[in-house]
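protein_26.csv (CSV, C-alpha atoms)
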chain,number,residue,atom,x,y,z
Y,412,MET,CA,-61.0,37.0,-101.1
Y,413,ILE,CA,-60.8,34.3,-103.7
Y,414,PRO,CA,-59.9,30.9,-102.3
Y,415,VAL,CA,-56.7,29.3,-103.7
Y,416,ALA,CA,-55.8,25.7,-103.1
Y,417,LEU,CA,-52.4,25.0,-101.7
Y,418,PRO,CA,-50.0,22.5,-103.5
Y,419,SER,CA,-50.1,19.0,-102.2
Y,420,VAL,CA,-47.3,17.4,-100.2
Y,421,GLU,CA,-46.5,15.1,-103.1
Y,422,THR,CA,-46.1,18.1,-105.4
Y,423,LEU,CA,-43.8,19.8,-103.0
Y,424,LEU,CA,-41.7,16.7,-102.6
Y,425,LEU,CA,-41.5,16.2,-106.4
Y,426,LEU,CA,-40.4,19.8,-106.8
Y,427,ALA,CA,-37.7,19.4,-104.1
Y,428,PHE,CA,-36.4,16.2,-105.8
Y,429,LEU,CA,-36.2,17.9,-109.2
Y,430,LEU,CA,-34.4,20.9,-107.8
Y,431,ALA,CA,-32.0,18.8,-105.7
Y,432,THR,CA,-31.2,16.5,-108.7
Y,433,THR,CA,-30.6,19.6,-111.0
Y,434,LEU,CA,-28.2,21.0,-108.3
Y,435,VAL,CA,-26.3,17.8,-108.0
Y,436,TRP,CA,-26.1,17.5,-111.8
Y,437,GLY,CA,-24.8,21.0,-112.1
Y,438,ILE,CA,-22.0,20.5,-109.5
Y,439,TRP,CA,-21.2,17.1,-111.1
Y,440,THR,CA,-20.9,18.7,-114.5
Y,441,VAL,CA,-18.6,21.5,-113.2
Y,442,VAL,CA,-16.3,18.9,-111.6
Y,443,LEU,CA,-16.1,16.9,-114.8
Y,444,VAL,CA,-15.3,20.0,-116.8
Y,445,ALA,CA,-12.6,21.1,-114.3
Y,446,ARG,CA,-11.0,17.6,-114.4
Y,447,TYR,CA,-11.1,17.6,-118.2
Y,448,ALA,CA,-9.4,21.0,-118.3
Y,449,GLY,CA,-6.8,19.9,-115.8
Y,450,GLY,CA,-6.0,16.7,-117.8
Y,451,ARG,CA,-7.5,14.5,-115.1
Y,452,TRP,CA,-10.4,13.3,-117.1
Y,453,ALA,CA,-12.2,10.2,-115.9
Y,454,ARG,CA,-15.3,8.8,-117.6
Y,455,PRO,CA,-18.3,9.3,-115.3
Y,456,MET,CA,-20.8,6.6,-114.4
Y,457,MET,CA,-22.9,6.9,-117.6
Y,458,LEU,CA,-26.3,5.6,-116.3
Y,459,PRO,CA,-26.5,7.8,-113.1
Y,460,TYR,CA,-25.0,10.8,-114.9
Y,461,GLY,CA,-27.4,10.2,-117.9
Y,462,LEU,CA,-30.4,10.0,-115.6
Y,463,ALA,CA,-29.3,13.2,-113.7
Y,464,THR,CA,-28.8,15.0,-117.1
Y,465,ALA,CA,-32.3,14.0,-118.3
Y,466,ILE,CA,-33.9,15.2,-115.1
Y,467,ALA,CA,-31.9,18.4,-115.1
Y,468,ILE,CA,-32.8,19.2,-118.7
Y,469,PHE,CA,-36.5,18.5,-117.9
Y,470,THR,CA,-36.4,20.7,-114.8
Y,471,LEU,CA,-34.6,23.6,-116.7
Y,472,TRP,CA,-37.0,23.3,-119.6
Y,473,GLN,CA,-40.0,23.5,-117.1
Y,474,PHE,CA,-38.5,26.5,-115.4
Y,475,GLY,CA,-37.8,28.2,-118.7
Y,476,ASN,CA,-41.3,27.5,-119.9
Y,477,PHE,CA,-42.7,28.9,-116.6
Y,478,TYR,CA,-40.6,32.0,-117.0
Y,479,LEU,CA,-41.8,32.6,-120.5
Y,480,GLN,CA,-45.4,32.1,-119.4
Y,481,MET,CA,-45.0,34.6,-116.6
Y,482,ARG,CA,-43.5,37.1,-119.0
Y,483,ALA,CA,-46.5,36.7,-121.3
Y,484,TYR,CA,-48.8,37.0,-118.2
Y,485,ASP,CA,-47.1,40.2,-117.1
Y,486,ARG,CA,-47.5,41.7,-120.6
Y,487,GLU,CA,-51.2,40.7,-120.6
Y,488,MET,CA,-51.7,42.2,-117.1
Y,489,ALA,CA,-49.9,45.4,-118.2
Y,490,SER,CA,-52.2,45.6,-121.2
Y,491,SER,CA,-55.4,44.8,-119.2
Y,492,TYR,CA,-54.6,46.7,-115.9
Y,493,ARG,CA,-52.0,49.3,-116.8
Y,494,PRO,CA,-52.9,50.9,-120.1
Y,495,GLU,CA,-51.6,54.1,-121.5
Y,496,LEU,CA,-54.0,56.4,-123.3
Y,497,GLY,CA,-53.3,56.8,-127.0
Y,498,GLU,CA,-55.7,59.7,-127.4
Y,499,PRO,CA,-57.5,62.2,-125.1
Y,500,VAL,CA,-60.4,60.5,-123.3
Y,501,ARG,CA,-62.9,61.7,-120.6
Y,502,LEU,CA,-63.0,59.2,-117.7
Y,503,GLY,CA,-64.6,59.7,-114.3
Y,504,GLN,CA,-65.7,63.2,-115.3
Y,505,ILE,CA,-62.0,64.1,-116.0
Y,506,ASP,CA,-60.6,65.1,-119.4
Y,507,MET,CA,-57.4,63.0,-119.6
Y,508,PRO,CA,-54.7,63.8,-122.2
Y,509,LYS,CA,-52.9,61.4,-124.5
Y,510,GLY,CA,-50.1,59.7,-122.7
Y,511,THR,CA,-51.9,59.3,-119.4
Y,512,LYS,CA,-50.9,56.1,-117.6
Y,513,LEU,CA,-53.7,54.3,-115.8
Y,514,GLU,CA,-54.0,51.6,-113.3
Y,515,LEU,CA,-57.3,49.8,-113.4
Y,516,ALA,CA,-59.3,48.0,-110.7
Y,517,VAL,CA,-61.2,46.0,-113.3
Y,518,ALA,CA,-59.4,44.5,-116.3
Y,519,ASP,CA,-59.9,46.3,-119.6
Y,520,THR,CA,-62.4,48.8,-118.0
Y,521,ARG,CA,-60.8,52.2,-118.1
Y,522,GLU,CA,-63.6,53.8,-116.1
Y,523,SER,CA,-62.5,51.7,-113.1
Y,524,PHE,CA,-59.1,53.4,-112.9
Y,525,ASN,CA,-57.8,53.7,-109.4
Y,526,ARG,CA,-54.7,55.7,-110.4
Y,527,ALA,CA,-53.9,58.1,-113.2
Y,528,VAL,CA,-50.6,59.8,-113.9
Y,529,PHE,CA,-50.7,62.6,-116.4
Y,530,PRO,CA,-47.9,63.6,-118.8
Y,531,HIS,CA,-48.5,67.2,-117.9
Y,532,PRO,CA,-50.6,69.0,-115.2
Y,533,VAL,CA,-54.4,68.8,-115.8
Y,534,LEU,CA,-57.0,70.9,-114.0
Y,535,VAL,CA,-59.0,68.6,-111.7
Y,536,ALA,CA,-61.3,70.0,-109.0
Y,537,ASN,CA,-59.3,73.3,-109.1
Y,538,VAL,CA,-56.0,71.4,-108.7
Y,539,ASP,CA,-53.2,71.5,-111.2
Y,540,ALA,CA,-53.1,67.7,-111.0
Y,541,VAL,CA,-50.2,65.5,-112.0
Y,542,GLU,CA,-51.6,62.3,-110.3
Y,543,ILE,CA,-54.9,61.0,-109.1
Y,544,ALA,CA,-55.6,58.0,-106.8
Y,545,ARG,CA,-59.1,56.8,-106.3
Y,546,TYR,CA,-60.6,54.2,-104.0
Y,547,ILE,CA,-62.8,51.8,-105.9
Y,548,ALA,CA,-65.3,49.6,-104.2
Y,549,ILE,CA,-65.6,46.3,-106.1
Y,550,LYS,CA,-68.9,44.4,-106.2
Y,551,THR,CA,-68.7,40.6,-106.6
Y,552,ASN,CA,-71.2,37.8,-106.7
Y,553,GLY,CA,-71.1,34.5,-104.9
Y,554,ASN,CA,-68.6,33.1,-107.4
Y,555,TYR,CA,-66.2,36.0,-106.7
Y,556,GLU,CA,-66.9,37.4,-110.1
Y,557,THR,CA,-66.8,41.2,-110.5
Y,558,VAL,CA,-70.3,42.5,-111.2
Y,559,GLY,CA,-69.7,46.2,-110.8
Y,560,PHE,CA,-67.6,48.9,-109.1
Y,561,VAL,CA,-68.2,52.3,-107.5
Y,562,PRO,CA,-65.6,55.1,-107.0
Y,563,GLU,CA,-65.8,56.4,-103.4
Y,564,THR,CA,-62.9,58.8,-102.8
Y,565,MET,CA,-60.3,60.6,-104.9
Y,566,ARG,CA,-56.9,62.0,-103.8
Y,567,VAL,CA,-55.4,64.6,-106.2
Y,568,THR,CA,-51.7,65.5,-106.1
Y,569,GLY,CA,-50.5,68.5,-108.1
Y,570,ASN,CA,-48.5,71.7,-108.1
Y,571,GLY,CA,-48.8,74.9,-106.2
Y,572,VAL,CA,-51.7,76.0,-103.9
Y,573,THR,CA,-55.4,75.2,-104.5
Y,574,LEU,CA,-58.4,76.9,-103.0
Y,575,GLN,CA,-60.9,74.4,-101.6
Y,576,SER,CA,-64.1,75.5,-99.8
Y,577,GLY,CA,-62.3,78.6,-98.8
Y,578,TRP,CA,-59.2,76.8,-97.6
Y,579,ARG,CA,-55.7,77.3,-99.1
Y,580,CYS,CA,-54.4,73.7,-99.5
Y,581,ASP,CA,-50.9,72.6,-100.5
Y,582,ALA,CA,-51.5,70.8,-103.8
Y,583,ALA,CA,-48.2,69.0,-103.6
Y,584,GLN,CA,-49.8,67.0,-100.8
Y,585,PRO,CA,-52.9,64.8,-101.6
Y,586,VAL,CA,-56.1,66.7,-101.6
Y,587,GLU,CA,-59.0,64.3,-101.0
Y,588,PHE,CA,-62.6,64.5,-102.2
Y,589,ASP,CA,-65.7,62.3,-101.8
Y,590,LEU,CA,-67.1,61.1,-105.1
Y,591,LYS,CA,-70.5,60.4,-106.6
Y,592,ALA,CA,-71.3,57.1,-108.3
Y,593,ASP,CA,-70.4,58.5,-111.7
Y,594,GLY,CA,-67.0,59.7,-110.5
Y,595,ASP,CA,-67.8,63.4,-110.2
Y,596,VAL,CA,-66.8,65.3,-107.1
Y,597,SER,CA,-69.4,65.2,-104.3
Y,598,ALA,CA,-67.6,67.2,-101.6
Y,599,PHE,CA,-64.1,68.3,-100.5
Y,600,SER,CA,-62.9,66.1,-97.7
Y,601,ARG,CA,-59.4,66.8,-96.5
Y,602,CYS,CA,-56.0,68.3,-97.3
Y,603,VAL,CA,-52.8,69.7,-95.8
Y,604,LEU,CA,-52.9,73.5,-95.5
Y,605,ALA,CA,-50.6,75.9,-97.2
Y,606,ASP,CA,-49.6,79.3,-95.8
Y,607,GLY,CA,-52.2,82.0,-95.5
Y,608,ASN,CA,-55.1,80.4,-93.6
Y,609,ILE,CA,-56.6,82.5,-90.8
Y,610,VAL,CA,-59.8,81.4,-89.0
Y,611,ASP,CA,-61.5,83.2,-86.1
Y,612,GLY,CA,-58.3,85.2,-85.6
Y,613,ILE,CA,-56.2,82.0,-85.4
Y,614,VAL,CA,-53.2,81.9,-87.8
Y,615,LEU,CA,-52.8,78.3,-88.9
Y,616,PRO,CA,-49.3,77.2,-89.7
Y,617,LYS,CA,-48.4,75.5,-93.0
Y,618,GLY,CA,-48.6,71.8,-92.7
Y,619,THR,CA,-51.8,71.8,-90.6
Y,620,PHE,CA,-54.0,68.8,-91.5
Y,621,LEU,CA,-57.6,69.6,-92.3
Y,622,ARG,CA,-60.6,67.4,-92.6
Y,623,ALA,CA,-64.3,68.0,-93.0
Y,624,SER,CA,-66.6,66.6,-90.3
Y,625,SER,CA,-70.2,65.8,-90.0
Y,626,GLY,CA,-69.9,66.0,-86.2
Y,627,ASN,CA,-67.9,64.0,-83.7
Y,628,VAL,CA,-69.9,61.0,-82.5
Y,629,TYR,CA,-69.5,60.0,-78.9
Y,630,THR,CA,-70.0,56.5,-77.5
Y,631,ASP,CA,-73.4,57.5,-76.0
Y,632,GLY,CA,-74.6,58.4,-79.4
Y,633,PHE,CA,-74.3,62.2,-79.0
Y,634,VAL,CA,-73.3,64.0,-82.3
Y,635,ASP,CA,-71.4,67.2,-81.8
Y,636,SER,CA,-71.6,70.4,-83.9
Y,637,ASP,CA,-68.1,70.5,-85.4
Y,638,ARG,CA,-67.8,70.8,-89.1
Y,639,TRP,CA,-64.0,71.2,-89.6
Y,640,VAL,CA,-61.2,69.5,-87.6
Y,641,LEU,CA,-57.6,70.7,-87.8
Y,642,GLU,CA,-54.4,69.2,-86.4
Y,643,THR,CA,-51.3,71.4,-86.3
Y,644,PRO,CA,-47.9,70.0,-87.2
Y,645,THR,CA,-45.7,68.8,-84.4
Y,646,GLY,CA,-43.5,71.6,-82.9
Y,647,GLN,CA,-45.5,74.4,-84.5
Y,648,ALA,CA,-47.1,76.8,-81.9
Y,649,ILE,CA,-50.3,78.8,-82.4
Y,650,ARG,CA,-51.7,81.5,-80.2
Y,651,ILE,CA,-55.3,81.5,-78.9
Y,652,ASP,CA,-56.4,84.1,-76.4
Y,653,ASP,CA,-53.3,84.4,-74.1
Y,654,PHE,CA,-52.0,80.9,-74.5
Y,655,ALA,CA,-49.3,79.6,-76.8
Y,656,LEU,CA,-50.3,76.1,-77.8
Y,657,GLU,CA,-48.6,73.1,-79.5
Y,658,ASP,CA,-49.9,69.7,-80.8
Y,659,VAL,CA,-53.3,71.2,-81.2
Y,660,THR,CA,-56.4,69.4,-82.4
Y,661,LEU,CA,-59.2,71.9,-82.8
Y,662,ALA,CA,-62.7,71.9,-84.2
Y,663,LEU,CA,-64.7,74.7,-86.0
Y,664,ASP,CA,-68.4,75.0,-86.4
Y,665,GLY,CA,-70.3,75.6,-89.6
Y,666,GLU,CA,-69.4,79.3,-89.6
Y,667,ARG,CA,-65.7,78.5,-89.0
Y,668,LYS,CA,-65.7,79.8,-85.5
Y,669,LEU,CA,-63.6,78.1,-82.9
Y,670,TYR,CA,-65.9,75.5,-81.3
Y,671,GLU,CA,-63.6,73.2,-79.4
Y,672,ILE,CA,-60.0,72.4,-78.7
Y,673,ARG,CA,-59.9,68.7,-78.2
Y,674,SER,CA,-56.3,68.4,-77.2
Y,675,ALA,CA,-53.2,70.6,-76.9
Y,676,VAL,CA,-50.3,71.4,-74.6
Y,677,LEU,CA,-48.9,74.8,-73.4
Y,678,SER,CA,-45.8,75.5,-75.3
Y,679,LYS,CA,-44.9,78.2,-72.7
Y,680,GLY,CA,-45.8,78.5,-69.1
Y,681,ALA,CA,-48.9,80.6,-68.3
Y,682,THR,CA,-50.3,82.3,-65.2
Y,683,ALA,CA,-53.9,82.8,-64.2
Y,684,GLY,CA,-54.5,84.6,-61.0
Y,685,ALA,CA,-52.3,83.0,-58.3
Y,686,LEU,CA,-51.8,79.8,-60.3
Y,687,HIS,CA,-49.0,79.0,-62.7
Y,688,PHE,CA,-49.3,76.4,-65.4
Y,689,ALA,CA,-46.0,74.9,-66.6
Y,690,ALA,CA,-45.2,74.3,-70.2
Y,691,GLY,CA,-46.5,70.9,-71.3
Y,692,SER,CA,-49.7,71.2,-69.3
Y,693,GLY,CA,-52.7,69.8,-71.1
Y,694,ILE,CA,-55.3,72.3,-72.2
Y,695,ARG,CA,-58.7,72.1,-73.8
Y,696,LEU,CA,-61.5,74.4,-74.7
Y,697,ASN,CA,-65.3,73.8,-74.5
Y,698,SER,CA,-64.7,70.2,-73.6
Y,699,ARG,CA,-68.0,68.3,-73.6
Y,700,HIS,CA,-67.8,67.0,-70.0
Y,701,ILE,CA,-67.7,70.6,-68.6
Y,702,ARG,CA,-69.7,72.3,-71.3
Y,703,THR,CA,-73.0,72.3,-69.5
Y,704,ASP,CA,-71.7,74.1,-66.4
Y,705,TYR,CA,-68.9,76.1,-68.1
Y,706,PRO,CA,-69.7,76.6,-71.8
Y,707,GLY,CA,-66.8,77.9,-73.9
Y,708,ALA,CA,-64.4,77.6,-71.0
Y,709,TRP,CA,-60.7,76.5,-70.9
Y,710,LEU,CA,-59.8,73.4,-69.0
Y,711,ILE,CA,-56.1,73.1,-68.0
Y,712,THR,CA,-54.6,70.0,-66.5
Y,713,PRO,CA,-51.2,70.7,-65.1
Y,714,SER,CA,-48.1,68.7,-66.0
Y,715,SER,CA,-45.7,67.3,-63.4
Y,716,ALA,CA,-43.1,70.0,-64.3
Y,717,SER,CA,-43.0,73.5,-62.9
Y,718,THR,CA,-40.9,76.5,-63.5
Y,719,GLY,CA,-40.3,79.6,-61.5
Y,720,SER,CA,-41.5,80.3,-57.9
Y,721,GLU,CA,-45.3,80.5,-58.6
Y,722,PRO,CA,-47.5,77.9,-57.0
Y,723,VAL,CA,-48.5,75.1,-59.4
Y,724,SER,CA,-52.1,74.0,-59.6
Y,725,PRO,CA,-52.4,70.4,-58.4
Y,726,ARG,CA,-55.7,69.9,-60.1
Y,727,SER,CA,-57.5,70.8,-63.3
Y,728,SER,CA,-58.6,74.4,-63.6
Y,729,VAL,CA,-61.5,75.9,-65.4
Y,730,LEU,CA,-61.0,79.4,-66.9
Y,731,ASN,CA,-63.1,81.7,-69.0
Y,732,ARG,CA,-61.8,83.2,-72.3
Y,733,ASP,CA,-60.5,86.2,-70.4
Y,734,GLY,CA,-58.3,84.0,-68.2
Y,735,GLU,CA,-60.4,84.3,-65.0
Y,736,ILE,CA,-60.5,81.1,-62.9
Y,737,LEU,CA,-64.0,79.8,-62.7
Y,738,ALA,CA,-63.4,76.5,-60.8
Y,739,ILE,CA,-60.9,74.0,-59.6
Y,740,LEU,CA,-61.9,70.5,-60.4
Y,741,SER,CA,-61.0,67.3,-58.6
Y,742,ASP,CA,-59.2,64.6,-60.6
Would you mind writing the structure in this file as structure tokens?
Amino acid sequence: MIPVALPSVETLLLLAFLLATTLVWGIWTVVLVARYAGGRWARPMMLPYGLATAIAIFTLWQFGNFYLQMRAYDREMASSYRPELGEPVRLGQIDMPKGTKLELAVADTRESFNRAVFPHPVLVANVDAVEIARYIAIKTNGNYETVGFVPETMRVTGNGVTLQSGWRCDAAQPVEFDLKADGDVSAFSRCVLADGNIVDGIVLPKGTFLRASSGNVYTDGFVDSDRWVLETPTGQAIRIDDFALEDVTLALDGERKLYEIRSAVLSKGATAGALHFAAGSGIRLNSRHIRTDYPGAWLITPSSASTGSEPVSPRSSVLNRDGEILAILSD
């Protein structure tokens, strides 16, 4: 952050005096005009009124000059930071048409654009893009002068559905990519899924949030094997094995097989053996803390609610994928 000196107390007091004097002069002048119009004219005290008039004119002139300078500054900033392309140009490995509106991170450097709005859809990373937003890392020296920049991520918003790494993504929602130093796409990163995505027999609802993963990192340094993480939209149920689940966060491995369910709740009650689990019970799959003893198993933690006459498990239960109870765990 560039340090900026605050105005001195003397400057603030002078500004307050000028504004107060101008306000008094304005009210005084209105009163004089009203009296003159009503036939009750009385000559004002010339010296005080003359001094107030001089100060008011000076103040208004200064404010007018400041306003004109700010207008000129805004026009300069628009030209330096918000240009519009007058001809087709290739920037950041993207062919941009005439009429593209840019927002630049570095003045007068079009390659540093952090936002681009196209006059018509442009094919970018298999997306019919209408807008691009990039995160630009700015490099500065000890004097806070810009010495370089590097694009790191890009979010593309467009029309329709786009296929990314085998996923059907809603292009109307931002589709994010990691970038190389030259602005070219390095890897697909995240998106909001459209209809038609099925993985490992699981039908994923529209609106599911997807992100690529290099493995969940735990506080003890352990790095897990997940490669995709998905979060279902609130209120949308999915079915896995014999369970209907809501508010699901699940992870897939590199072959897009179900690897773990990190969190979810039962949207409907479920029964396993003699135990009943009420709707709202927490449920996970292949949780790390039981994975050594019970790999690939369900872990269900009952909610306080119960329905029906079946006994409710008071403790967490471990089940295999066929619904057989393997263990009852103490809290």
* Taking (-58.9, 81.4, -81.1) in the file's own coordinates, collect the residues within 8 Å, counting all atoms listed in the file, and hand them back as a VMD selection string. => chain Y and resid 610 to 613 650 to 652 669
* Asked: If I put a ball of radius 12 Å at (-45.9, 68.0, -110.9) in the file's coordinates, which residues poke into it when counting all atoms listed in the file, written as a PyMOL selection string?
  -> chain Y and resi 528-534+538-543+567-571+582-584
Extract, using all atoms listed in the file, all DNA, RNA and protein residues at most 10 Å from range 435-441 of chain Y, discarding same-chain residues fewer than 4 positions from it, and format them as a CSV table (one decimal) with C-alpha atoms, keeping the file's coordinate frame.
chain,number,residue,atom,x,y,z
Y,429,LEU,CA,-36.2,17.9,-109.2
Y,430,LEU,CA,-34.4,20.9,-107.8
Y,431,ALA,CA,-32.0,18.8,-105.7
Y,445,ALA,CA,-12.6,21.1,-114.3
Y,446,ARG,CA,-11.0,17.6,-114.4
Y,447,TYR,CA,-11.1,17.6,-118.2
Y,455,PRO,CA,-18.3,9.3,-115.3
Y,459,PRO,CA,-26.5,7.8,-113.1
Y,460,TYR,CA,-25.0,10.8,-114.9
Y,461,GLY,CA,-27.4,10.2,-117.9
Y,462,LEU,CA,-30.4,10.0,-115.6
Y,463,ALA,CA,-29.3,13.2,-113.7
Y,464,THR,CA,-28.8,15.0,-117.1
Y,465,ALA,CA,-32.3,14.0,-118.3
Y,466,ILE,CA,-33.9,15.2,-115.1
Y,467,ALA,CA,-31.9,18.4,-115.1
Y,468,ILE,CA,-32.8,19.2,-118.7
* Structure fact -> Of Y:Ile547, Y:Tyr555, Y:Asp631, Y:Pro706, the one sitting nearest Lys591 in chain Y when using only C-alpha atoms is Y:Ile547
* Using only C-alpha atoms, which residues sit within 7 Å of Ala516 in chain Y once same-chain residues fewer than 3 positions away are excluded, as a PyMOL selection string? -> chain Y and resi 523-525
* Compare Y:Ala738, Y:Ala708, Y:Leu730, Y:Ile649 by their minimum atom-to-atom distance to Thr619 in chain Y, counting all atoms listed in the file, and give me the closest one. =>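 The answer is Y:Ile649, which sits nearest to Thr619 in chain Y.
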* To do: Tell me, in Å to one decimal, how far CA of Ser741 in chain Y is from CA of Leu661 in chain Y.
  =>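 That distance, rounded to one decimal, is 24.7 Å.
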* Measure the distance from CA of Gly646 in chain Y to CA of Val572 in chain Y in Å and round it to one decimal. =>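 Going from CA of Gly646 in chain Y over to CA of Val572 in chain Y covers 23.0 Å.
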